[in-house]
>>> print(open('target33.tsv').read())   # TSV, C-alpha atoms
chain	number	residue	atom	x	y	z
F	22	MET	CA	-26.64	-4.08	40.99
F	23	LEU	CA	-23.08	-4.19	42.25
F	24	MET	CA	-23.36	-7.91	42.75
F	25	HIS	CA	-24.54	-8.26	39.19
F	26	ILE	CA	-21.48	-6.44	37.79
F	27	MET	CA	-19.15	-8.41	40.05
F	28	LYS	CA	-20.68	-11.63	38.85
F	29	GLU	CA	-20.12	-10.58	35.26
F	30	SER	CA	-16.39	-10.05	35.63
F	31	PHE	CA	-13.97	-12.93	35.04
F	32	SER	CA	-10.80	-11.07	35.92
F	33	ASP	CA	-10.24	-13.30	38.93
F	34	ASN	CA	-10.51	-16.44	36.85
F	35	PRO	CA	-6.95	-17.17	35.71
F	36	ARG	CA	-8.10	-19.29	32.77
F	37	ALA	CA	-10.40	-16.61	31.42
F	38	TRP	CA	-7.66	-14.06	31.91
F	39	ALA	CA	-5.08	-16.23	30.16
F	40	LEU	CA	-7.34	-16.61	27.11
F	41	ILE	CA	-7.80	-12.85	26.67
F	42	PHE	CA	-4.17	-12.11	27.52
F	43	ALA	CA	-2.99	-14.60	24.88
F	44	ALA	CA	-5.30	-13.03	22.30
F	45	TRP	CA	-3.97	-9.58	23.20
F	46	LEU	CA	-0.36	-10.79	22.97
F	47	ILE	CA	-0.92	-12.22	19.49
F	48	ALA	CA	-2.55	-8.96	18.37
F	49	CYS	CA	0.52	-7.10	19.71
F	50	ILE	CA	2.95	-9.41	17.89
F	51	ALA	CA	0.95	-9.15	14.66
F	52	THR	CA	0.85	-5.35	14.93
F	53	GLY	CA	4.55	-5.06	15.76
F	54	GLY	CA	5.46	-7.57	13.06
F	55	SER	CA	3.49	-5.82	10.35
F	56	LEU	CA	5.01	-2.48	11.34
F	57	PHE	CA	8.44	-4.10	11.21
F	58	PHE	CA	7.81	-5.32	7.66
F	59	SER	CA	6.59	-1.93	6.43
F	60	GLU	CA	8.70	0.52	8.46
F	61	VAL	CA	11.98	-1.35	8.97
F	62	MET	CA	12.16	-3.69	6.00
F	63	ALA	CA	10.33	-1.16	3.77
F	64	PHE	CA	7.85	-3.58	2.19
F	65	SER	CA	4.93	-1.57	0.81
F	66	PRO	CA	1.64	-2.88	2.20
F	67	CYS	CA	-0.91	-3.69	-0.50
F	68	VAL	CA	-4.56	-2.66	-0.23
F	69	LEU	CA	-5.69	-5.95	1.32
F	70	CYS	CA	-2.88	-5.71	3.86
F	71	TRP	CA	-4.16	-2.28	4.85
F	72	TYR	CA	-7.69	-3.61	5.40
F	73	GLN	CA	-6.33	-6.40	7.58
F	74	ARG	CA	-4.29	-3.85	9.52
F	75	ILE	CA	-7.44	-1.83	10.13
F	76	ALA	CA	-8.92	-4.94	11.75
F	77	MET	CA	-5.79	-6.00	13.67
F	78	TYR	CA	-4.34	-2.78	15.13
F	79	PRO	CA	-7.38	-1.74	17.20
F	80	LEU	CA	-7.44	-5.19	18.84
F	81	VAL	CA	-4.30	-4.24	20.76
F	82	LEU	CA	-6.20	-1.46	22.52
F	83	ILE	CA	-9.63	-3.08	22.64
F	84	LEU	CA	-8.33	-6.30	24.21
F	85	LEU	CA	-6.08	-4.34	26.56
F	86	VAL	CA	-8.97	-2.24	27.83
F	87	GLY	CA	-11.11	-5.38	27.78
F	88	MET	CA	-8.85	-6.98	30.37
F	89	PHE	CA	-9.92	-4.38	32.99
F	90	PRO	CA	-12.24	-6.01	33.85
F	91	ILE	CA	-12.76	-9.06	31.70
F	92	ASN	CA	-16.44	-9.65	31.00
F	93	ARG	CA	-18.66	-10.48	28.06
F	94	GLN	CA	-18.10	-6.99	26.64
F	95	THR	CA	-14.50	-7.99	25.97
F	96	PHE	CA	-15.83	-10.55	23.53
F	97	LYS	CA	-18.57	-8.37	22.15
F	98	PHE	CA	-16.34	-5.48	21.11
F	99	SER	CA	-13.46	-7.47	19.69
F	100	ILE	CA	-15.14	-10.25	17.75
F	101	PRO	CA	-16.47	-8.10	14.84
F	102	LEU	CA	-12.95	-6.91	14.02
F	103	VAL	CA	-11.56	-10.42	14.30
F	104	GLY	CA	-14.28	-11.75	11.99
F	105	ILE	CA	-13.72	-9.12	9.32
F	106	GLY	CA	-9.94	-9.48	9.53
F	107	TRP	CA	-10.21	-13.25	9.29
F	108	LEU	CA	-12.35	-13.06	6.14
F	109	LEU	CA	-9.95	-10.59	4.50
F	110	ALA	CA	-6.96	-12.73	5.42
F	111	LEU	CA	-8.71	-15.79	4.01
F	112	TYR	CA	-9.37	-13.98	0.74
F	113	HIS	CA	-5.79	-12.73	0.59
F	114	ASN	CA	-4.46	-16.26	1.00
F	115	LEU	CA	-6.76	-17.55	-1.72
F	116	LEU	CA	-5.15	-14.92	-3.98
F	117	HIS	CA	-1.69	-16.03	-2.94
F	118	TYR	CA	-2.32	-19.67	-3.64
F	119	GLU	CA	-3.98	-18.67	-6.91
F	120	ILE	CA	-7.27	-20.27	-5.99
F	121	VAL	CA	-8.79	-16.89	-6.83
F	122	PRO	CA	-7.26	-15.37	-10.00
F	123	GLU	CA	-5.37	-12.11	-9.53
F	124	SER	CA	-7.60	-10.36	-12.05
F	125	ALA	CA	-10.39	-10.78	-9.51
F	126	SER	CA	-8.35	-8.92	-6.89
F	127	PRO	CA	-9.38	-5.39	-5.97
F	128	CYS	CA	-5.88	-3.91	-6.30
F	129	ARG	CA	-5.35	-1.79	-9.33
F	130	GLU	CA	-2.85	0.73	-8.05
F	131	GLY	CA	0.33	0.41	-6.06
F	132	VAL	CA	1.53	-2.97	-4.91
F	133	SER	CA	-0.30	-5.97	-6.29
F	134	CYS	CA	-1.92	-8.08	-3.60
F	135	ALA	CA	-0.52	-11.21	-5.25
F	136	THR	CA	3.07	-9.98	-4.87
F	137	ILE	CA	4.94	-12.30	-2.52
F	138	TRP	CA	7.38	-10.32	-0.38
F	139	LEU	CA	8.44	-13.00	2.02
F	140	ASP	CA	8.70	-16.73	1.67
F	141	TRP	CA	10.18	-18.34	4.76
F	142	LEU	CA	10.79	-22.10	4.62
F	143	GLY	CA	8.96	-22.15	1.33
F	144	PHE	CA	5.47	-21.61	2.70
F	145	ILE	CA	5.37	-18.87	5.35
F	146	THR	CA	4.15	-15.65	3.72
F	147	ILE	CA	2.89	-12.43	5.29
F	148	PRO	CA	-0.79	-13.12	4.45
F	149	LEU	CA	-0.45	-16.62	5.93
F	150	MET	CA	0.88	-15.14	9.17
F	151	SER	CA	-2.04	-12.71	9.20
F	152	PHE	CA	-4.50	-15.56	8.66
F	153	VAL	CA	-2.94	-17.64	11.43
F	154	ALA	CA	-3.01	-14.66	13.82
F	155	PHE	CA	-6.69	-13.89	13.14
F	156	THR	CA	-7.57	-17.58	13.42
F	157	ILE	CA	-5.87	-18.03	16.79
F	158	ILE	CA	-7.32	-14.80	18.22
F	159	GLY	CA	-10.76	-15.82	16.95
F	160	LEU	CA	-10.50	-19.30	18.46
F	161	LEU	CA	-9.33	-17.94	21.83
F	162	LEU	CA	-12.24	-15.49	21.93
F	163	ILE	CA	-14.76	-18.16	20.95
F	164	ILE	CA	-13.44	-20.54	23.63
F	165	PHE	CA	-13.70	-17.68	26.12
F	166	TYR	CA	-17.27	-16.96	25.07
F	167	ARG	CA	-18.43	-20.57	25.17
F	168	LYS	CA	-16.87	-21.27	28.54
F	169	TYR	CA	-17.68	-18.11	30.42
F	170	CYS	CA	-20.27	-16.01	28.67
F	171	ARG	CA	-23.09	-18.43	28.00
J	10	MET	CA	-5.01	-8.14	39.49
J	11	LYS	CA	-1.66	-6.63	40.33
J	12	ALA	CA	0.22	-9.63	38.97
J	13	GLN	CA	-1.86	-9.45	35.79
J	14	LYS	CA	-0.93	-5.83	35.30
J	15	SER	CA	2.75	-6.63	35.74
J	16	ILE	CA	2.58	-9.46	33.22
J	17	ILE	CA	0.92	-7.18	30.67
J	18	ALA	CA	3.50	-4.45	31.26
J	19	VAL	CA	6.41	-6.88	30.97
J	20	ALA	CA	4.99	-8.44	27.79
J	21	GLY	CA	4.40	-5.03	26.21
J	22	LEU	CA	7.86	-3.76	27.10
J	23	THR	CA	9.51	-6.96	25.88
J	24	LEU	CA	7.80	-6.60	22.51
J	25	ILE	CA	8.87	-2.97	22.19
J	26	ILE	CA	12.47	-3.85	23.04
J	27	LEU	CA	12.40	-6.76	20.58
J	28	PHE	CA	11.19	-4.38	17.89
J	29	ALA	CA	14.00	-1.92	18.59
J	30	VAL	CA	16.66	-4.64	18.67
J	31	GLY	CA	15.29	-6.18	15.47
J	32	ASN	CA	15.37	-2.78	13.82
J	33	TYR	CA	19.01	-2.29	14.81
J	34	LEU	CA	20.12	-5.78	13.75
J	35	PHE	CA	18.34	-5.51	10.43
J	36	LYS	CA	20.04	-2.20	9.58
J	37	VAL	CA	23.48	-3.54	10.54
J	38	ASP	CA	22.91	-6.69	8.49
J	39	GLN	CA	21.75	-4.72	5.46
J	40	LYS	CA	24.71	-2.38	5.63
J	41	LYS	CA	27.04	-5.38	5.64
J	42	LYS	CA	25.23	-7.00	2.73
J	43	LEU	CA	25.30	-3.87	0.57
J	44	GLY	CA	28.93	-3.17	1.41
J	45	PHE	CA	29.76	-6.67	0.29
J	46	LEU	CA	27.87	-6.18	-2.96
J	47	ALA	CA	29.72	-2.93	-3.62
J	48	HIS	CA	33.07	-4.71	-3.40
J	49	LYS	CA	32.22	-7.90	-5.23
J	50	ASN	CA	29.74	-6.74	-7.76
J	51	PHE	CA	30.12	-3.16	-8.84
J	52	GLN	CA	28.11	-3.92	-11.98
J	53	THR	CA	24.95	-4.08	-9.91
J	54	PHE	CA	25.36	-0.40	-9.11
J	55	VAL	CA	26.60	0.89	-12.45
J	56	ARG	CA	25.89	-0.71	-15.81
J	57	ASP	CA	27.78	0.22	-18.95
J	58	TYR	CA	24.64	1.58	-20.56
J	59	SER	CA	23.65	3.83	-17.62
J	60	PRO	CA	23.40	7.56	-18.31
J	61	THR	CA	26.07	9.41	-16.37
J	62	LEU	CA	26.93	13.02	-15.62
J	63	GLY	CA	30.35	14.14	-14.45
J	64	PRO	CA	33.89	12.85	-14.98
J	65	ASP	CA	34.63	9.11	-14.97
J	66	ASP	CA	37.50	9.56	-12.49
J	67	ALA	CA	35.34	11.46	-10.01
J	68	LYS	CA	35.99	10.61	-6.41
J	69	VAL	CA	32.34	10.03	-5.65
J	70	VAL	CA	30.04	7.85	-7.70
J	71	LEU	CA	26.49	8.84	-6.85
J	72	VAL	CA	24.02	6.23	-8.06
J	73	GLU	CA	20.42	7.40	-8.09
J	74	PHE	CA	17.55	5.00	-8.66
J	75	LEU	CA	14.81	7.25	-9.93
J	76	ASP	CA	11.43	7.26	-11.57
J	77	PRO	CA	10.66	10.20	-13.88
J	78	GLU	CA	7.05	10.11	-12.68
J	79	CYS	CA	7.95	10.29	-8.97
J	80	GLU	CA	7.44	13.62	-7.17
J	81	SER	CA	10.26	13.10	-4.68
J	82	CYS	CA	12.68	12.49	-7.55
J	83	ARG	CA	11.52	15.77	-9.06
J	84	ALA	CA	12.02	17.55	-5.74
J	85	PHE	CA	15.48	16.04	-5.25
J	86	TYR	CA	16.77	16.72	-8.74
J	87	PRO	CA	17.69	20.43	-8.34
J	88	PHE	CA	19.28	19.58	-5.04
J	89	VAL	CA	21.47	16.89	-6.60
J	90	LYS	CA	22.45	19.35	-9.33
J	91	LYS	CA	23.35	21.93	-6.69
J	92	ILE	CA	25.55	19.52	-4.76
J	93	MET	CA	27.30	18.64	-8.03
J	94	ALA	CA	27.82	22.32	-8.82
J	95	ASP	CA	29.18	22.94	-5.33
J	96	HIS	CA	31.78	20.21	-5.80
J	97	PRO	CA	32.86	20.46	-9.45
J	98	ASN	CA	34.54	17.38	-10.96
J	99	LYS	CA	34.18	15.46	-7.73
J	100	ILE	CA	30.90	13.68	-8.42
J	101	LYS	CA	29.73	11.33	-11.12
J	102	LEU	CA	25.98	10.89	-11.19
J	103	VAL	CA	24.65	7.58	-12.51
J	104	VAL	CA	20.96	7.29	-13.29
J	105	ARG	CA	19.23	3.95	-12.79
J	106	TYR	CA	15.52	3.45	-13.37
J	107	MET	CA	12.96	2.14	-10.93
J	108	PRO	CA	9.60	2.42	-12.68
J	109	PHE	CA	7.00	2.34	-9.91
J	110	HIS	CA	4.28	4.42	-11.60
J	111	GLY	CA	1.79	3.81	-14.36
J	112	ASN	CA	3.52	5.68	-17.17
J	113	SER	CA	7.09	5.41	-15.93
J	114	LYS	CA	8.19	2.89	-18.55
J	115	MET	CA	6.89	4.97	-21.42
J	116	VAL	CA	8.62	8.08	-20.06
J	117	ILE	CA	11.87	6.16	-19.63
J	118	ARG	CA	11.64	5.10	-23.29
J	119	ILE	CA	11.22	8.78	-24.23
J	120	LEU	CA	14.30	9.64	-22.13
J	121	GLU	CA	16.40	6.92	-23.72
J	122	ALA	CA	15.30	7.96	-27.22
J	123	ALA	CA	16.19	11.57	-26.35
J	124	ARG	CA	19.61	10.32	-25.25
J	125	LYS	CA	20.20	9.06	-28.79
J	126	GLN	CA	19.73	12.66	-29.89
J	127	GLY	CA	22.18	13.86	-27.23
J	128	LYS	CA	19.54	15.66	-25.21
J	129	TYR	CA	19.11	13.34	-22.24
J	130	TRP	CA	19.61	15.75	-19.34
J	131	GLU	CA	17.65	18.57	-20.96
J	132	THR	CA	14.75	16.17	-21.52
J	133	LEU	CA	14.90	14.86	-17.95
J	134	GLU	CA	14.87	18.41	-16.60
J	135	THR	CA	11.95	19.43	-18.78
J	136	LEU	CA	9.98	16.31	-17.87
J	137	PHE	CA	10.57	16.97	-14.19
J	138	TYR	CA	9.61	20.61	-14.60
J	139	TYR	CA	6.25	19.79	-16.17
J	140	GLN	CA	5.68	16.64	-14.13
J	141	PRO	CA	2.73	18.07	-12.12
J	142	LYS	CA	0.99	18.57	-15.46
J	143	TRP	CA	1.47	15.16	-17.04
J	144	GLY	CA	2.19	12.96	-14.04
J	145	SER	CA	-0.47	13.90	-11.48
J	146	HIS	CA	-1.31	10.78	-9.51
J	147	HIS	CA	-5.03	11.30	-9.54
J	148	HIS	CA	-5.22	12.30	-13.15
J	149	PRO	CA	-2.13	11.42	-15.17
J	150	ARG	CA	-2.13	12.83	-18.70
J	151	PRO	CA	0.97	11.44	-20.38
J	152	GLU	CA	-0.21	12.79	-23.76
J	153	LEU	CA	0.75	16.26	-22.50
J	154	ILE	CA	4.42	15.22	-22.66
J	155	TRP	CA	4.30	15.66	-26.41
J	156	GLU	CA	3.29	19.31	-25.95
J	157	VAL	CA	6.31	20.14	-23.80
J	158	LEU	CA	9.00	18.07	-25.54
J	159	PRO	CA	9.50	20.46	-28.50
J	160	GLU	CA	10.85	22.94	-25.93
J	161	VAL	CA	13.92	20.74	-25.59
J	162	GLY	CA	14.59	20.96	-29.32
J	163	LEU	CA	14.11	17.27	-30.00
J	164	ASN	CA	13.21	15.75	-33.33
J	165	ILE	CA	9.83	14.40	-32.21
J	166	GLU	CA	9.16	12.22	-35.24
J	167	GLN	CA	12.51	10.51	-34.88
J	168	LEU	CA	11.98	10.14	-31.13
J	169	LYS	CA	8.59	8.53	-31.62
J	170	SER	CA	9.98	5.98	-34.04
J	171	GLU	CA	13.00	5.19	-31.86
J	172	MET	CA	11.04	4.93	-28.63
J	173	THR	CA	9.97	1.37	-29.37
J	174	ASN	CA	13.58	0.17	-29.51
J	175	PRO	CA	13.54	-3.19	-27.69
J	176	SER	CA	16.95	-2.48	-26.14
J	177	PHE	CA	15.23	0.12	-23.94
J	178	ASP	CA	13.05	-2.61	-22.45
J	179	LYS	CA	16.18	-4.56	-21.61
J	180	ILE	CA	17.63	-1.51	-19.83
J	181	ILE	CA	14.42	-1.11	-17.83
J	182	GLU	CA	14.37	-4.81	-16.93
J	183	GLN	CA	18.02	-4.90	-15.89
J	184	ASP	CA	17.73	-1.73	-13.80
J	185	PHE	CA	14.65	-3.10	-12.10
J	186	ALA	CA	16.42	-6.41	-11.38
J	187	ASP	CA	19.49	-4.62	-9.99
J	188	GLY	CA	17.25	-2.38	-7.91
J	189	LYS	CA	15.60	-5.46	-6.44
J	190	THR	CA	19.01	-6.96	-5.63
J	191	LEU	CA	20.00	-3.71	-3.90
J	192	GLN	CA	16.66	-3.66	-2.05
J	193	VAL	CA	15.50	-0.43	-3.62
J	194	ARG	CA	11.88	-0.10	-2.51
J	195	ALA	CA	11.31	3.61	-2.95
J	196	THR	CA	12.49	6.38	-5.26
J	197	PRO	CA	14.77	8.19	-5.21
J	198	THR	CA	17.26	5.80	-3.61
J	199	PHE	CA	20.87	6.94	-3.48
J	200	PHE	CA	24.11	4.99	-3.23
J	201	ILE	CA	27.30	6.90	-2.52
J	202	ASN	CA	30.29	4.86	-3.67
J	203	GLY	CA	28.17	1.77	-3.20
J	204	LYS	CA	26.96	2.75	0.24
J	205	ALA	CA	23.27	3.22	0.80
J	206	LEU	CA	22.15	6.48	2.32
J	207	GLU	CA	21.47	5.57	5.94
J	208	GLN	CA	18.75	8.09	6.45
J	209	PHE	CA	16.73	9.65	3.69
J	210	GLY	CA	16.84	13.42	3.40
J	211	TYR	CA	18.43	16.39	1.61
J	212	GLN	CA	20.87	17.17	4.37
J	213	GLN	CA	21.76	13.52	4.92
J	214	LEU	CA	22.56	13.18	1.21
J	215	GLU	CA	24.78	16.25	1.19
J	216	ASP	CA	26.57	15.17	4.37
J	217	ALA	CA	27.22	11.68	3.02
J	218	ILE	CA	28.63	13.08	-0.23
J	219	LYS	CA	30.84	15.58	1.62
J	220	LYS	CA	32.09	12.77	3.81
J	221	ALA	CA	32.90	10.61	0.79
J	222	ILE	CA	34.77	13.50	-0.87
J	223	ALA	CA	36.80	14.14	2.30
J	224	GLU	CA	37.72	10.47	2.72
>>> encode(input="target33.tsv", output="structure tokens")
Amino acid sequence: MLMHIMKESFSDNPRAWALIFAAWLIACIATGGSLFFSEVMAFSPCVLCWYQRIAMYPLVLILLVGMFPINRQTFKFSIPLVGIGWLLALYHNLLHYEIVPESASPCREGVSCATIWLDWLGFITIPLMSFVAFTIIGLLLIIFYRKYCR
Amino acid sequence: MKAQKSIIAVAGLTLIILFAVGNYLFKVDQKKKLGFLAHKNFQTFVRDYSPTLGPDDAKVVLVEFLDPECESCRAFYPFVKKIMADHPNKIKLVVRYMPFHGNSKMVIRILEAARKQGKYWETLETLFYYQPKWGSHHHPRPELIWEVLPEVGLNIEQLKSEMTNPSFDKIIEQDFADGKTLQVRATPTFFINGKALEQFGYQQLEDAIKKAIAE
């Protein structure tokens, strides 16, 4: 039994550890960054932003706990949040680039989800950063799963 | 395992420190920017058309970006009046609009039409007083405004016909644009002689005004 659990843990594998650590770090940066935008720069988060936050913030804790020890559970408990967050971020970006019309957006009250708060270098917006973060975390977790959990 | 823990701790701490430093730098930068605006572009803070209360040569110009449908603005209003009463002839209040709610623009049009009848402040006070009735967030009933307005002694028929004045829309647009320039993202937002209130709060507002009077 003990052998079985030991076999399941990848904490001693530096590559496996690096994958999960990188995913955790990105979740931390995304969480800190979004809090910076709302609490320091006082941008009001729109409804879609809140849903993405619900998916992103817990990853900081889930991946942190998942590093002690790293095993297939680390993947299992984090991937649903990453998947949901990724889909929401994708939808939010479609709104931004007007591929989906704003009238089809679920926001009726407060800040419109199509409002562009930030536009760095002409293309970096907050929803794009969210999408990139979810994509990278998702890819790291999938690589981890394919290499070590199958 | 031990090295891993250290790396995680260092990464976490670094991010927290970065956040704190970023917070500090952002506030310093914003203060500089707004101070610069106050010197170079006073018009952004006070427009000729803005409703004002208090003498023109008052030592302190208190600019308040408000929304008649906002609860915090309602809560702050008596406090602002009290500070003004405590320091007679020292403060000039300038009202700018930041319509963030569903019926804000309509209520601002009512206020501006009331101003034409010389009853601006009375109307603002009455609207604030009854705001929980007509401006509840979950169930706004702006039609109730018409039931309380006669209390002010306004000519309602005249007000209704003047409300649609297109110049009011221009006022709302200009105030909103100036608010955006000044990075107003919540109401009420106060500027004391062109300086943004560093920390939001009753006491902070009073302290900042007292400081400006003493200067």
>>> residues_around(input="target33.tsv", residues="region 126-135 of chain J", least_positions_apart="2", cutoff="10 Å", atoms="only C-alpha atoms", output="ChimeraX atom specification")
/J:60-62,77,83,86-87,116-117,119-124,137-140,154,157-164,167-168
>>> interface_residues(input="target33.tsv", of="chain J", to="chain F", cutoff="12 Å", atoms="only C-alpha atoms", output="PyMOL selection string")
chain J and resi 10-14+16-39+108-111+146-147+189+192-196+208
>>> atom_distance(input="target33.tsv", atom1="CA of Glu152 (chain J)", atom2="CA of Thr173 (chain J)")
16.3 Å
>>> atom_distance(input="target33.tsv", atom1="CA of Met150 (chain F)", atom2="CA of Tyr78 (chain F)")
14.7 Å
>>> residues_around(input="target33.tsv", residues="Asp184 (chain J)", least_positions_apart="3", cutoff="9 Å", atoms="only C-alpha atoms", output="number ranges by chain")
J: 53, 56, 59, 74, 105-107, 179-181, 187-189
>>> closest_residue(input="target33.tsv", among="J:Lys91, J:Met115, J:Phe85, J:Glu73", to="Asn174 (chain J)", atoms="only C-alpha atoms")
J:Met115
>>> closest_residue(input="target33.tsv", among="J:Ser113, J:Gln213, J:Asn202, J:Asn98", to="Leu75 (chain J)", atoms="all atoms listed in the file")
J:Ser113
>>> residues_near_point(input="target33.tsv", point="(5.5, -15.8, 2.6)", cutoff="12 Å", atoms="only C-alpha atoms", output="VMD selection string")
chain F and resid 58 113 to 114 117 to 118 135 to 152
>>> atom_distance(input="target33.tsv", atom1="CA of Phe200 (chain J)", atom2="CA of Leu71 (chain J)")
5.8 Å
>>> closest_residue(input="target33.tsv", among="J:Ile92, J:Arg118, J:Ala217, J:Trp143", to="Met172 (chain J)", atoms="all atoms listed in the file")
J:Arg118
>>> residues_around(input="target33.tsv", residues="Lys68 (chain J)", least_positions_apart="3", cutoff="12 Å", atoms="only C-alpha atoms", output="list in words")
Gly63, Pro64, Asp65, Leu71, Met93, His96, Pro97, Asn98, Lys99, Ile100, Lys101, Leu102, Ile201, Asn202, Ile218, Lys219, Lys220, Ala221, Ile222, Ala223 and Glu224 of chain J
>>> write_last_selection(input="target33.tsv", atoms="C-alpha atoms", output="compact mmCIF listing (two decimals), keeping the file's coordinate frame")
# COMPACT_ATOMS: atom_id res chain seq x y z
CA GLY J 63 30.35 14.14 -14.45
CA PRO J 64 33.89 12.85 -14.98
CA ASP J 65 34.63 9.11 -14.97
CA LEU J 71 26.49 8.84 -6.85
CA MET J 93 27.30 18.64 -8.03
CA HIS J 96 31.78 20.21 -5.80
CA PRO J 97 32.86 20.46 -9.45
CA ASN J 98 34.54 17.38 -10.96
CA LYS J 99 34.18 15.46 -7.73
CA ILE J 100 30.90 13.68 -8.42
CA LYS J 101 29.73 11.33 -11.12
CA LEU J 102 25.98 10.89 -11.19
CA ILE J 201 27.30 6.90 -2.52
CA ASN J 202 30.29 4.86 -3.67
CA ILE J 218 28.63 13.08 -0.23
CA LYS J 219 30.84 15.58 1.62
CA LYS J 220 32.09 12.77 3.81
CA ALA J 221 32.90 10.61 0.79
CA ILE J 222 34.77 13.50 -0.87
CA ALA J 223 36.80 14.14 2.30
CA GLU J 224 37.72 10.47 2.72
>>> axis_aligned_box(input="target33.tsv", around="region 93-105 of chain F", padding_each_side="5 Å", output="JSON")
{"center_x": -15.1, "center_y": -8.6, "center_z": 18.7, "size_x": 17.1, "size_y": 16.3, "size_z": 28.7}
>>> decode(input="target33.tsv", residues="region 193-205 of chain J", atoms="N, CA and C atoms", output="compact mmCIF listing (two decimals), in the first residue's frame")
# COMPACT_ATOMS: atom_id res chain seq x y z
N VAL J 193 -12.15 59.15 -12.38
CA VAL J 193 -13.22 58.94 -11.41
C VAL J 193 -13.88 57.61 -11.75
N ARG J 194 -13.80 56.65 -10.83
CA ARG J 194 -14.37 55.34 -11.13
C ARG J 194 -15.41 54.93 -10.10
N ALA J 195 -15.70 55.84 -9.17
CA ALA J 195 -16.71 55.54 -8.17
C ALA J 195 -17.30 56.86 -7.72
N THR J 196 -18.52 56.83 -7.18
CA THR J 196 -19.10 58.05 -6.65
C THR J 196 -19.39 57.84 -5.17
N PRO J 197 -19.28 58.89 -4.33
CA PRO J 197 -18.77 60.21 -4.71
C PRO J 197 -17.24 60.20 -4.77
N THR J 198 -16.69 61.01 -5.68
CA THR J 198 -15.25 61.23 -5.71
C THR J 198 -15.01 62.71 -5.46
N PHE J 199 -14.12 63.00 -4.51
CA PHE J 199 -13.89 64.40 -4.13
C PHE J 199 -12.51 64.87 -4.58
N PHE J 200 -12.45 66.13 -5.00
CA PHE J 200 -11.17 66.78 -5.26
C PHE J 200 -11.14 68.06 -4.43
N ILE J 201 -10.10 68.21 -3.63
CA ILE J 201 -9.96 69.40 -2.80
C ILE J 201 -8.87 70.27 -3.40
N ASN J 202 -9.26 71.41 -3.94
CA ASN J 202 -8.35 72.28 -4.69
C ASN J 202 -7.55 71.48 -5.73
N GLY J 203 -8.25 70.61 -6.41
CA GLY J 203 -7.62 69.84 -7.48
C GLY J 203 -6.85 68.62 -7.02
N LYS J 204 -6.88 68.37 -5.70
CA LYS J 204 -6.17 67.20 -5.20
C LYS J 204 -7.17 66.11 -4.87
N ALA J 205 -6.91 64.92 -5.36
CA ALA J 205 -7.82 63.82 -5.06
C ALA J 205 -7.69 63.42 -3.60
